[in-house]
$ cat coords-v5.pdb   # PDB, C-alpha atoms (C1' of nucleotides)
ATOM      1  CA  MET A1102       0.000   0.000   0.000
ATOM      2  CA  LYS A1103       0.923   3.599  -0.517
ATOM      3  CA  ARG A1104       1.506   5.590   2.578
ATOM      4  CA  ASN A1105       0.283   9.068   3.117
ATOM      5  CA  THR A1106       3.257  11.171   3.988
ATOM      6  CA  TRP A1107       3.362  14.915   4.259
ATOM      7  CA  GLN A1108       5.979  14.904   1.502
ATOM      8  CA  ARG A1109       3.587  13.236  -0.870
ATOM      9  CA  GLU A1110       0.903  15.731   0.036
ATOM     10  CA  ALA A1111       3.304  18.600  -0.386
ATOM     11  CA  VAL A1112       4.166  17.484  -3.889
ATOM     12  CA  ARG A1113       0.544  16.991  -4.786
ATOM     13  CA  GLU A1114      -0.390  20.403  -3.467
ATOM     14  CA  ALA A1115       2.511  22.144  -5.106
ATOM     15  CA  LEU A1116       1.467  20.541  -8.340
ATOM     16  CA  ASP A1117      -2.114  21.684  -7.881
ATOM     17  CA  ASP A1118      -0.946  25.215  -7.189
ATOM     18  CA  THR A1119       1.008  25.293 -10.394
ATOM     19  CA  GLU A1120      -0.629  26.749 -13.457
ATOM     20  CA  GLY A1121       1.012  24.805 -16.229
ATOM     21  CA  PHE A1122       3.665  22.199 -16.466
ATOM     22  CA  ILE A1123       6.575  22.262 -14.101
ATOM     23  CA  SER A1124       9.811  20.332 -13.965
ATOM     24  CA  ALA A1125      10.738  18.156 -11.025
ATOM     25  CA  GLN A1126      13.614  20.452 -10.203
ATOM     26  CA  ALA A1127      11.492  23.583 -10.339
ATOM     27  CA  LEU A1128       8.890  21.966  -8.141
ATOM     28  CA  HIS A1129      11.556  20.993  -5.668
ATOM     29  CA  SER A1130      12.893  24.529  -5.597
ATOM     30  CA  SER A1131       9.401  25.856  -5.131
ATOM     31  CA  LEU A1132       8.818  23.545  -2.196
ATOM     32  CA  HIS A1133      12.112  24.497  -0.620
ATOM     33  CA  ALA A1134      11.250  28.145  -1.057
ATOM     34  CA  SER A1135       8.051  27.479   0.845
ATOM     35  CA  GLY A1136       9.998  25.985   3.691
ATOM     36  CA  SER A1137       9.588  22.310   2.958
ATOM     37  CA  PRO A1138      12.833  20.464   3.570
ATOM     38  CA  ILE A1139      11.770  17.780   1.150
ATOM     39  CA  GLY A1140      14.493  16.002  -0.755
ATOM     40  CA  LEU A1141      14.944  16.139  -4.487
ATOM     41  CA  ALA A1142      14.888  12.392  -4.856
ATOM     42  CA  THR A1143      11.614  12.250  -2.990
ATOM     43  CA  VAL A1144      10.103  14.762  -5.371
ATOM     44  CA  TYR A1145      11.182  12.635  -8.299
ATOM     45  CA  ARG A1146       9.760   9.526  -6.675
ATOM     46  CA  ALA A1147       6.502  11.234  -5.761
ATOM     47  CA  LEU A1148       6.072  12.655  -9.236
ATOM     48  CA  GLY A1149       6.824   9.305 -10.769
ATOM     49  CA  ASP A1150       4.163   7.698  -8.616
ATOM     50  CA  LEU A1151       1.637  10.398  -9.360
ATOM     51  CA  ALA A1152       2.262  10.011 -13.051
ATOM     52  CA  ALA A1153       1.964   6.242 -12.766
ATOM     53  CA  THR A1154      -1.301   6.537 -10.897
ATOM     54  CA  GLY A1155      -2.685   8.912 -13.452
ATOM     55  CA  GLU A1156      -2.969  11.746 -10.972
ATOM     56  CA  ALA A1157      -0.396  13.683 -12.926
ATOM     57  CA  ASP A1158       0.416  14.133 -16.564
ATOM     58  CA  SER A1159       3.974  14.042 -17.731
ATOM     59  CA  LEU A1160       5.667  15.010 -20.935
ATOM     60  CA  GLN A1161       9.142  15.711 -22.220
ATOM     61  CA  SER A1162      10.020  19.295 -22.869
ATOM     62  CA  PRO A1163      12.038  19.989 -26.005
ATOM     63  CA  GLU A1164      14.939  20.717 -23.658
ATOM     64  CA  GLY A1165      14.888  17.162 -22.431
ATOM     65  CA  GLU A1166      13.373  17.715 -19.031
ATOM     66  CA  ALA A1167      10.380  15.826 -17.790
ATOM     67  CA  LEU A1168       7.495  18.149 -17.049
ATOM     68  CA  TYR A1169       4.607  17.295 -14.759
ATOM     69  CA  ARG A1170       1.194  18.717 -14.235
ATOM     70  CA  ALA A1171      -1.700  18.069 -11.920
ATOM     71  CA  CYS A1172      -4.204  16.429 -14.149
ATOM     72  CA  SER A1173      -7.884  15.763 -14.043
ATOM     73  CA  THR A1174      -7.970  12.035 -13.575
ATOM     74  CA  THR A1175     -10.855  12.085 -15.995
ATOM     75  CA  GLY A1176     -10.120  12.792 -19.603
ATOM     76  CA  HIS A1177      -7.211  12.275 -21.839
ATOM     77  CA  HIS A1178      -6.599  15.738 -23.118
ATOM     78  CA  HIS A1179      -3.679  17.508 -24.629
ATOM     79  CA  HIS A1180      -1.849  20.744 -24.232
ATOM     80  CA  LEU A1181      -0.889  23.903 -25.956
ATOM     81  CA  ILE A1182       2.276  25.136 -24.353
ATOM     82  CA  CYS A1183       3.955  28.481 -24.843
ATOM     83  CA  ARG A1184       7.615  27.873 -25.332
ATOM     84  CA  ASN A1185       8.432  31.292 -24.000
ATOM     85  CA  CYS A1186       6.352  31.918 -20.893
ATOM     86  CA  GLY A1187       5.211  28.394 -20.175
ATOM     87  CA  LEU A1188       1.519  29.193 -20.370
ATOM     88  CA  THR A1189      -0.431  26.001 -20.814
ATOM     89  CA  VAL A1190      -3.855  25.629 -22.289
ATOM     90  CA  GLU A1191      -5.710  22.391 -21.908
ATOM     91  CA  ILE A1192      -7.359  21.323 -25.087
ATOM     92  CA  ALA A1193     -10.052  18.786 -25.624
ATOM     93  CA  ALA A1194      -8.816  16.626 -28.403
ATOM     94  CA  ASP A1195     -11.680  14.471 -29.429
ATOM     95  CA  GLU A1196     -10.833  14.673 -33.078
ATOM     96  CA  VAL A1197      -7.284  13.747 -32.466
ATOM     97  CA  GLU A1198      -8.261  10.950 -30.164
ATOM     98  CA  VAL A1199     -10.279   9.464 -32.956
ATOM     99  CA  TRP A1200      -7.598  10.127 -35.485
ATOM    100  CA  ALA A1201      -4.837   8.676 -33.345
ATOM    101  CA  LYS A1202      -6.793   5.526 -32.687
ATOM    102  CA  ARG A1203      -7.663   5.051 -36.306
ATOM    103  CA  VAL A1204      -4.145   5.598 -37.564
ATOM    104  CA  ALA A1205      -2.701   3.389 -34.892
ATOM    105  CA  ALA A1206      -5.181   0.650 -35.682
ATOM    106  CA  GLU A1207      -4.511   0.956 -39.388
ATOM    107  CA  HIS A1208      -0.937   0.059 -38.742
ATOM    108  CA  GLY A1209      -1.715  -2.627 -36.224
ATOM    109  CA  PHE A1210      -0.520  -0.578 -33.306
ATOM    110  CA  THR A1211      -2.053  -0.901 -29.889
ATOM    111  CA  GLY A1212      -1.763   0.880 -26.597
ATOM    112  CA  ALA A1213      -1.140   4.107 -28.399
ATOM    113  CA  ALA A1214      -0.176   6.547 -25.723
ATOM    114  CA  HIS A1215      -0.515   9.349 -28.146
ATOM    115  CA  VAL A1216       1.636  12.247 -27.288
ATOM    116  CA  VAL A1217      -0.121  15.157 -28.828
ATOM    117  CA  ASP A1218       1.217  18.306 -27.397
ATOM    118  CA  VAL A1219       1.738  21.499 -29.232
ATOM    119  CA  PHE A1220       4.556  23.838 -28.399
ATOM    120  CA  GLY A1221       4.145  27.321 -29.748
ATOM    121  CA  LEU A1222       4.052  30.952 -28.791
ATOM    122  CA  CYS A1223       1.037  32.317 -26.992
ATOM    123  CA  ALA A1224      -0.618  35.536 -28.100
ATOM    124  CA  ASN A1225       1.210  37.585 -25.544
ATOM    125  CA  CYS A1226       4.661  36.303 -26.284
ATOM    126  CA  THR A1227       3.980  36.569 -29.982
ATOM    127  CA  LYS A1228       3.514  40.281 -29.510
ATOM    128  CA  LEU A1229       6.555  40.592 -27.318
ATOM    129  CA  LEU A1230       8.838  38.720 -29.617
ATOM    130  CA  GLY A1231       7.406  39.505 -32.998
ATOM    131  CA  ALA A1232       6.402  36.892 -35.529
ATOM    132  CA  GLY A1233       8.239  33.639 -35.191
ATOM    133  CA  PRO A1234      11.643  33.982 -36.795
ATOM    134  CA  SER A1235      12.702  30.491 -35.888
ATOM    135  CA  HIS A1236      12.081  27.569 -38.153
TER     136      HIS A1236
ATOM    137  CA  MET B 442      30.369  27.941 -44.756
ATOM    138  CA  LYS B 443      29.854  24.329 -43.913
ATOM    139  CA  ARG B 444      32.651  22.004 -44.767
ATOM    140  CA  ASN B 445      32.187  18.643 -46.311
ATOM    141  CA  THR B 446      33.919  16.129 -44.125
ATOM    142  CA  TRP B 447      33.706  12.376 -44.371
ATOM    143  CA  GLN B 448      32.329  12.346 -40.837
ATOM    144  CA  ARG B 449      29.427  14.511 -41.845
ATOM    145  CA  GLU B 450      28.741  12.224 -44.785
ATOM    146  CA  ALA B 451      28.997   9.159 -42.603
ATOM    147  CA  VAL B 452      26.387  10.509 -40.238
ATOM    148  CA  ARG B 453      24.105  11.476 -43.085
ATOM    149  CA  GLU B 454      24.435   8.062 -44.672
ATOM    150  CA  ALA B 455      23.973   6.191 -41.436
ATOM    151  CA  LEU B 456      20.842   8.208 -40.874
ATOM    152  CA  ASP B 457      19.577   7.392 -44.342
ATOM    153  CA  ASP B 458      20.237   3.719 -43.788
ATOM    154  CA  THR B 459      18.201   3.743 -40.628
ATOM    155  CA  GLU B 460      14.571   2.771 -40.792
ATOM    156  CA  GLY B 461      13.075   4.793 -38.009
ATOM    157  CA  PHE B 462      14.334   7.124 -35.397
ATOM    158  CA  ILE B 463      17.679   6.544 -33.823
ATOM    159  CA  SER B 464      19.429   8.106 -30.890
ATOM    160  CA  ALA B 465      22.738   9.869 -31.251
ATOM    161  CA  GLN B 466      24.393   7.216 -29.134
ATOM    162  CA  ALA B 467      22.945   4.362 -31.134
ATOM    163  CA  LEU B 468      24.011   6.003 -34.348
ATOM    164  CA  HIS B 469      27.478   6.446 -32.985
ATOM    165  CA  SER B 470      27.634   2.797 -32.004
ATOM    166  CA  SER B 471      26.362   1.791 -35.386
ATOM    167  CA  LEU B 472      29.048   3.842 -37.083
ATOM    168  CA  HIS B 473      31.746   2.414 -34.868
ATOM    169  CA  ALA B 474      30.503  -1.070 -35.622
ATOM    170  CA  SER B 475      30.897  -0.270 -39.296
ATOM    171  CA  GLY B 476      34.477   0.722 -38.729
ATOM    172  CA  SER B 477      34.155   4.482 -38.615
ATOM    173  CA  PRO B 478      36.362   5.895 -35.884
ATOM    174  CA  ILE B 479      34.101   8.908 -35.632
ATOM    175  CA  GLY B 480      33.797  10.559 -32.259
ATOM    176  CA  LEU B 481      30.619  10.757 -30.244
ATOM    177  CA  ALA B 482      30.798  14.519 -29.943
ATOM    178  CA  THR B 483      31.065  14.802 -33.688
ATOM    179  CA  VAL B 484      27.955  12.720 -34.123
ATOM    180  CA  TYR B 485      26.095  15.009 -31.781
ATOM    181  CA  ARG B 486      27.373  18.051 -33.615
ATOM    182  CA  ALA B 487      26.551  16.608 -37.012
ATOM    183  CA  LEU B 488      23.064  15.601 -35.928
ATOM    184  CA  GLY B 489      22.490  18.992 -34.416
ATOM    185  CA  ASP B 490      23.470  20.629 -37.679
ATOM    186  CA  LEU B 491      21.338  18.296 -39.736
ATOM    187  CA  ALA B 492      18.370  18.998 -37.514
ATOM    188  CA  ALA B 493      19.013  22.722 -37.719
ATOM    189  CA  THR B 494      19.233  22.597 -41.499
ATOM    190  CA  GLY B 495      16.034  20.643 -41.723
ATOM    191  CA  GLU B 496      17.745  17.620 -43.212
ATOM    192  CA  ALA B 497      16.839  15.606 -40.162
ATOM    193  CA  ASP B 498      13.865  15.401 -37.876
ATOM    194  CA  SER B 499      14.368  15.232 -34.163
ATOM    195  CA  LEU B 500      12.115  14.415 -31.285
ATOM    196  CA  GLN B 501      12.375  13.492 -27.641
ATOM    197  CA  SER B 502      11.715   9.902 -26.730
ATOM    198  CA  PRO B 503       9.769   9.271 -23.535
ATOM    199  CA  GLU B 504      13.018   7.978 -22.117
ATOM    200  CA  GLY B 505      14.556  11.387 -22.444
ATOM    201  CA  GLU B 506      16.834  10.780 -25.366
ATOM    202  CA  ALA B 507      16.862  12.867 -28.500
ATOM    203  CA  LEU B 508      15.963  10.788 -31.516
ATOM    204  CA  TYR B 509      16.886  11.697 -35.062
ATOM    205  CA  ARG B 510      15.698  10.582 -38.432
ATOM    206  CA  ALA B 511      16.616  11.323 -41.990
ATOM    207  CA  CYS B 512      13.725  13.396 -43.147
ATOM    208  CA  SER B 513      12.317  14.464 -46.455
ATOM    209  CA  THR B 514      13.024  18.157 -46.466
ATOM    210  CA  THR B 515       9.578  18.450 -47.958
ATOM    211  CA  GLY B 516       6.592  17.651 -45.854
ATOM    212  CA  HIS B 517       5.788  17.935 -42.245
ATOM    213  CA  HIS B 518       4.631  14.507 -41.314
ATOM    214  CA  HIS B 519       4.407  12.597 -38.104
ATOM    215  CA  HIS B 520       5.285   9.229 -36.741
ATOM    216  CA  LEU B 521       3.942   6.126 -35.168
ATOM    217  CA  ILE B 522       6.678   4.640 -33.068
ATOM    218  CA  CYS B 523       6.734   1.248 -31.395
ATOM    219  CA  ARG B 524       7.953   1.713 -27.895
ATOM    220  CA  ASN B 525       9.277  -1.798 -27.808
ATOM    221  CA  CYS B 526      11.064  -2.504 -31.055
ATOM    222  CA  GLY B 527      11.451   1.023 -32.358
ATOM    223  CA  LEU B 528       9.588   0.399 -35.585
ATOM    224  CA  THR B 529       8.545   3.699 -37.062
ATOM    225  CA  VAL B 530       5.742   4.336 -39.499
ATOM    226  CA  GLU B 531       5.502   7.661 -41.235
ATOM    227  CA  ILE B 532       2.012   9.029 -41.237
ATOM    228  CA  ALA B 533       0.551  11.766 -43.333
ATOM    229  CA  ALA B 534      -1.164  14.012 -40.900
ATOM    230  CA  ASP B 535      -3.193  16.406 -42.933
ATOM    231  CA  GLU B 536      -6.097  16.314 -40.549
ATOM    232  CA  VAL B 537      -3.896  16.970 -37.616
ATOM    233  CA  GLU B 538      -2.106  19.751 -39.399
ATOM    234  CA  VAL B 539      -5.394  21.463 -39.862
ATOM    235  CA  TRP B 540      -6.510  20.694 -36.374
ATOM    236  CA  ALA B 541      -3.303  21.882 -34.780
ATOM    237  CA  LYS B 542      -3.397  25.142 -36.661
ATOM    238  CA  ARG B 543      -7.001  25.776 -35.793
ATOM    239  CA  VAL B 544      -6.617  25.015 -32.134
ATOM    240  CA  ALA B 545      -3.454  27.044 -31.885
ATOM    241  CA  ALA B 546      -5.117  29.956 -33.614
ATOM    242  CA  GLU B 547      -8.168  29.700 -31.390
ATOM    243  CA  HIS B 548      -5.972  30.313 -28.410
ATOM    244  CA  GLY B 549      -3.938  33.008 -30.067
ATOM    245  CA  PHE B 550      -0.875  30.837 -30.402
ATOM    246  CA  THR B 551       1.525  31.219 -33.261
ATOM    247  CA  GLY B 552       4.523  29.351 -34.561
ATOM    248  CA  ALA B 553       3.020  26.109 -33.419
ATOM    249  CA  ALA B 554       5.705  23.518 -33.855
ATOM    250  CA  HIS B 555       3.217  20.814 -33.297
ATOM    251  CA  VAL B 556       4.748  17.704 -31.930
ATOM    252  CA  VAL B 557       2.424  14.977 -32.988
ATOM    253  CA  ASP B 558       4.049  11.678 -32.515
ATOM    254  CA  VAL B 559       2.391   8.573 -31.317
ATOM    255  CA  PHE B 560       4.193   6.065 -29.199
ATOM    256  CA  GLY B 561       2.567   2.688 -29.008
ATOM    257  CA  LEU B 562       3.100  -0.993 -29.554
ATOM    258  CA  CYS B 563       3.271  -2.313 -33.077
ATOM    259  CA  ALA B 564       1.301  -5.378 -34.101
ATOM    260  CA  ASN B 565       4.239  -7.658 -33.613
ATOM    261  CA  CYS B 566       5.189  -6.469 -30.180
ATOM    262  CA  THR B 567       1.564  -6.470 -29.142
ATOM    263  CA  LYS B 568       1.505 -10.175 -29.812
ATOM    264  CA  LEU B 569       4.783 -10.729 -28.042
ATOM    265  CA  LEU B 570       3.866  -8.787 -24.962
ATOM    266  CA  GLY B 571       0.142  -9.273 -24.769
ATOM    267  CA  ALA B 572      -2.444  -6.492 -24.606
ATOM    268  CA  GLY B 573      -1.213  -3.251 -23.166
ATOM    269  CA  PRO B 574      -1.329  -3.469 -19.411
ATOM    270  CA  SER B 575       0.085   0.010 -18.936
ATOM    271  CA  HIS B 576      -2.140   3.023 -18.566
TER     272      HIS B 576
ATOM    273  C1'  DT C 538       6.631  -4.120  14.863
ATOM    274  C1'  DT C 539       7.472  -3.753  10.023
ATOM    275  C1'  DA C 540       7.066  -2.780   5.345
ATOM    276  C1'  DG C 541       7.529   1.150   2.957
ATOM    277  C1'  DG C 542       9.156   6.065   2.470
ATOM    278  C1'  DT C 543      12.818   9.400   2.976
ATOM    279  C1'  DG C 544      17.312  11.764   2.627
ATOM    280  C1'  DC C 545      21.768  12.142   1.197
ATOM    281  C1'  DA C 546      25.274  11.444  -1.870
ATOM    282  C1'  DA C 547      27.104   8.821  -5.457
ATOM    283  C1'  DA C 548      26.218   6.920  -9.809
ATOM    284  C1'  DA C 549      24.306   6.599 -14.383
ATOM    285  C1'  DC C 550      22.801   8.774 -18.151
ATOM    286  C1'  DC C 551      22.664  11.881 -22.212
ATOM    287  C1'  DT C 552      24.599  15.950 -24.002
ATOM    288  C1'  DT C 553      27.685  19.962 -24.346
ATOM    289  C1'  DT C 554      32.049  22.273 -24.207
ATOM    290  C1'  DG C 555      37.254  23.534 -23.973
ATOM    291  C1'  DC C 556      41.235  22.964 -26.151
ATOM    292  C1'  DA C 557      44.811  21.300 -29.219
ATOM    293  C1'  DC C 558      45.326  19.394 -33.581
ATOM    294  C1'  DA C 559      43.917  18.240 -38.415
ATOM    295  C1'  DC C 560      42.067  19.330 -42.643
ATOM    296  C1'  DA C 561      38.919  21.458 -46.324
ATOM    297  C1'  DG C 562      38.700  25.415 -49.039
TER     298       DG C 562
ATOM    299  C1'  DC D 827      47.336  29.877 -44.914
ATOM    300  C1'  DT D 828      42.915  30.194 -42.176
ATOM    301  C1'  DG D 829      39.114  29.144 -40.182
ATOM    302  C1'  DT D 830      36.198  25.363 -39.356
ATOM    303  C1'  DG D 831      35.596  20.553 -37.907
ATOM    304  C1'  DT D 832      37.249  16.868 -35.086
ATOM    305  C1'  DG D 833      38.601  14.062 -31.064
ATOM    306  C1'  DC D 834      39.250  13.423 -26.453
ATOM    307  C1'  DA D 835      38.085  14.057 -21.959
ATOM    308  C1'  DA D 836      36.054  16.812 -18.611
ATOM    309  C1'  DA D 837      32.085  19.260 -17.294
ATOM    310  C1'  DG D 838      27.139  20.098 -17.251
ATOM    311  C1'  DG D 839      22.454  18.763 -16.498
ATOM    312  C1'  DT D 840      18.692  15.629 -15.207
ATOM    313  C1'  DT D 841      17.210  11.487 -13.184
ATOM    314  C1'  DT D 842      18.060   7.098 -10.669
ATOM    315  C1'  DT D 843      19.821   4.234  -7.065
ATOM    316  C1'  DG D 844      22.145   2.283  -2.670
ATOM    317  C1'  DC D 845      21.900   2.365   1.918
ATOM    318  C1'  DA D 846      20.912   3.673   6.566
ATOM    319  C1'  DC D 847      17.454   5.814   9.093
ATOM    320  C1'  DC D 848      12.698   7.065  10.043
ATOM    321  C1'  DT D 849       7.766   6.640  10.232
ATOM    322  C1'  DA D 850       3.026   5.603   9.082
ATOM    323  C1'  DA D 851      -0.180   1.853   9.749
TER     324       DA D 851
END

$ encode --input "coords-v5.pdb" --output "structure tokens"
Amino acid sequence: MKRNTWQREAVREALDDTEGFISAQALHSSLHASGSPIGLATVYRALGDLAATGEADSLQSPEGEALYRACSTTGHHHHLICRNCGLTVEIAADEVEVWAKRVAAEHGFTGAAHVVDVFGLCANCTKLLGAGPSH
Amino acid sequence: MKRNTWQREAVREALDDTEGFISAQALHSSLHASGSPIGLATVYRALGDLAATGEADSLQSPEGEALYRACSTTGHHHHLICRNCGLTVEIAADEVEVWAKRVAAEHGFTGAAHVVDVFGLCANCTKLLGAGPSH
DNA sequence: TTAGGTGCAAAACCTTTGCACACAG
DNA sequence: CTGTGTGCAAAGGTTTTGCACCTAA
């Protein structure tokens, strides 16, 4: 059985308090800043568990970090993430769900954990930085 | 200007010879196995350049590695990747292109470098491992 | 009590970088 | 020649792991 430790709770709460995705390291820093003497390894372990249980969503940032987010245990949705300010918008992705399943099935794939996340620039950062020069 | 070294060519060729995505490390190993005394750092640098030039596609595997693939400079397509054997199927993603653009626009996002890649189990590995227990 | 969680530090891992040398142009 | 690419090894970053201690049930 899983025990209920204050560390676990702290991680869960910190995750809930976070707007968008956050890295394990950032979350650890945040907790430390709030006075929690929680260890980095514990944060990693807690986040791993949360992700495994479905209580958190995880994805890989383009920089190679794992990002976590408190997630409605309910739906499988996707995200629109600003690569500049980190703003995250949750998007219902019914169409893509259907599409992903169909395509996967067409090729005989199963268990398609479809990673459909869109990194872009939000309206605000678009203004700040001008039209995307990159790419 | 970019110089034309045999190392660069070797990386390009090795990438062309590869079916799906391959990690920098794996590609380096593969090259070594073929007798090329190319250095790991050089492989990373070459792959980085290729990705920057658009001659290669790169994405982050769930395991946190950067994967590269020789890519048609032409279209923006996506991939269906077996998380067990690495088999990669290229998928035309017109629908998703449209969808991604619309959703991004709806939220005021621009420059959406939509990462639409599906990790799953291919038909073969599904048989080998049984129905997906994960998730 | 006792299985499981925690903390610390070391390790493993992928990737980048500094520097001297080699080579393409 | 000259500047860029290369190789090696060391450094950088994130994540995992070993082990002793602690603690929730």

$ resolve_selection --input "coords-v5.pdb" --expression "the PyMOL selection byres ((chain B) within 8 of (chain C))" --output "list in words"
Arg444, Asn445, Thr446, Tyr485 and Glu506 of chain B

$ write_last_selection --input "coords-v5.pdb" --atoms "C-alpha atoms" --output "PDB file, in the frame of the given file"
ATOM      1  CA  ARG B 444      32.651  22.004 -44.767  1.00  0.00           C
ATOM      2  CA  ASN B 445      32.187  18.643 -46.311  1.00  0.00           C
ATOM      3  CA  THR B 446      33.919  16.129 -44.125  1.00  0.00           C
ATOM      4  CA  TYR B 485      26.095  15.009 -31.781  1.00  0.00           C
ATOM      5  CA  GLU B 506      16.834  10.780 -25.366  1.00  0.00           C
TER       6      GLU B 506
END

$ resolve_selection --input "coords-v5.pdb" --expression "the PyMOL selection byres ((chain A) within 12 of (chain D))" --output "MDAnalysis selection string"
chainID A and resid 1102:1107 1124:1127 1141:1146 1148:1149 1161 1164:1168

$ atom_distance --input "coords-v5.pdb" --atom1 "atom CA of B:Pro503" --atom2 "atom CA of A:Ala1153"
13.6 Å

$ closest_residue --input "coords-v5.pdb" --among "A:Leu1151, A:Leu1160, A:Arg1203, A:Ala1171" --to "chain B" --atoms "all atoms listed in the file"
A:Leu1160

$ atom_distance --input "coords-v5.pdb" --atom1 "atom CA of A:Val1112" --atom2 "atom CA of A:Ser1137"
10.0 Å

$ atom_distance --input "coords-v5.pdb" --atom1 "atom CA of B:Ala492" --atom2 "atom CA of B:Arg510"
8.9 Å

$ closest_residue --input "coords-v5.pdb" --among "A:Ala1147, A:Ser1162, A:Tyr1169, A:Leu1128" --to "chain B" --atoms "all atoms listed in the file"
A:Ser1162

$ closest_residue --input "coords-v5.pdb" --among "A:Ser1135, A:Ala1206, A:Ala1111, A:Leu1116" --to "chain B" --atoms "all atoms listed in the file"
A:Ala1206

$ decode --input "coords-v5.pdb" --residues "stretch 1110-1116 of chain A" --atoms "all heavy atoms" --output "tab-separated table (two decimals), in the first residue's frame"
chain	number	residue	atom	x	y	z
A	1110	GLU	N	1.93	14.70	0.07
A	1110	GLU	CA	0.90	15.73	0.04
A	1110	GLU	C	1.47	17.04	-0.48
A	1110	GLU	O	0.85	17.74	-1.26
A	1110	GLU	CB	0.32	15.94	1.45
A	1110	GLU	CG	-0.82	14.99	1.77
A	1110	GLU	CD	-1.89	15.00	0.68
A	1110	GLU	OE1	-2.32	16.08	0.26
A	1110	GLU	OE2	-2.28	13.90	0.23
A	1111	ALA	N	2.67	17.34	0.00
A	1111	ALA	CA	3.30	18.60	-0.39
A	1111	ALA	C	3.49	18.65	-1.90
A	1111	ALA	O	3.21	19.66	-2.54
A	1111	ALA	CB	4.65	18.75	0.32
A	1112	VAL	N	3.95	17.53	-2.45
A	1112	VAL	CA	4.17	17.48	-3.89
A	1112	VAL	C	2.84	17.64	-4.62
A	1112	VAL	O	2.71	18.42	-5.56
A	1112	VAL	CB	4.84	16.16	-4.30
A	1112	VAL	CG1	4.79	15.98	-5.81
A	1112	VAL	CG2	6.27	16.14	-3.81
A	1113	ARG	N	1.85	16.93	-4.15
A	1113	ARG	CA	0.54	16.99	-4.79
A	1113	ARG	C	0.00	18.43	-4.75
A	1113	ARG	O	-0.50	18.93	-5.75
A	1113	ARG	CB	-0.43	16.05	-4.07
A	1113	ARG	CG	-1.56	15.56	-4.95
A	1113	ARG	CD	-2.58	14.78	-4.15
A	1113	ARG	NE	-1.96	13.76	-3.30
A	1113	ARG	CZ	-2.17	12.45	-3.45
A	1113	ARG	NH1	-2.94	12.02	-4.42
A	1113	ARG	NH2	-1.61	11.60	-2.63
A	1114	GLU	N	0.12	19.04	-3.60
A	1114	GLU	CA	-0.39	20.40	-3.47
A	1114	GLU	C	0.38	21.37	-4.34
A	1114	GLU	O	-0.20	22.23	-5.01
A	1114	GLU	CB	-0.30	20.86	-2.01
A	1114	GLU	CG	-1.50	20.44	-1.18
A	1114	GLU	CD	-1.41	21.02	0.22
A	1114	GLU	OE1	-0.90	22.14	0.38
A	1114	GLU	OE2	-1.84	20.33	1.17
A	1115	ALA	N	1.68	21.24	-4.31
A	1115	ALA	CA	2.51	22.14	-5.11
A	1115	ALA	C	2.14	22.01	-6.58
A	1115	ALA	O	2.11	22.98	-7.32
A	1115	ALA	CB	3.99	21.82	-4.90
A	1116	LEU	N	1.84	20.79	-6.95
A	1116	LEU	CA	1.47	20.54	-8.34
A	1116	LEU	C	0.11	21.19	-8.64
A	1116	LEU	O	-0.08	21.77	-9.71
A	1116	LEU	CB	1.40	19.03	-8.58
A	1116	LEU	CG	1.78	18.56	-9.99
A	1116	LEU	CD1	3.16	19.06	-10.35
A	1116	LEU	CD2	1.72	17.06	-10.07
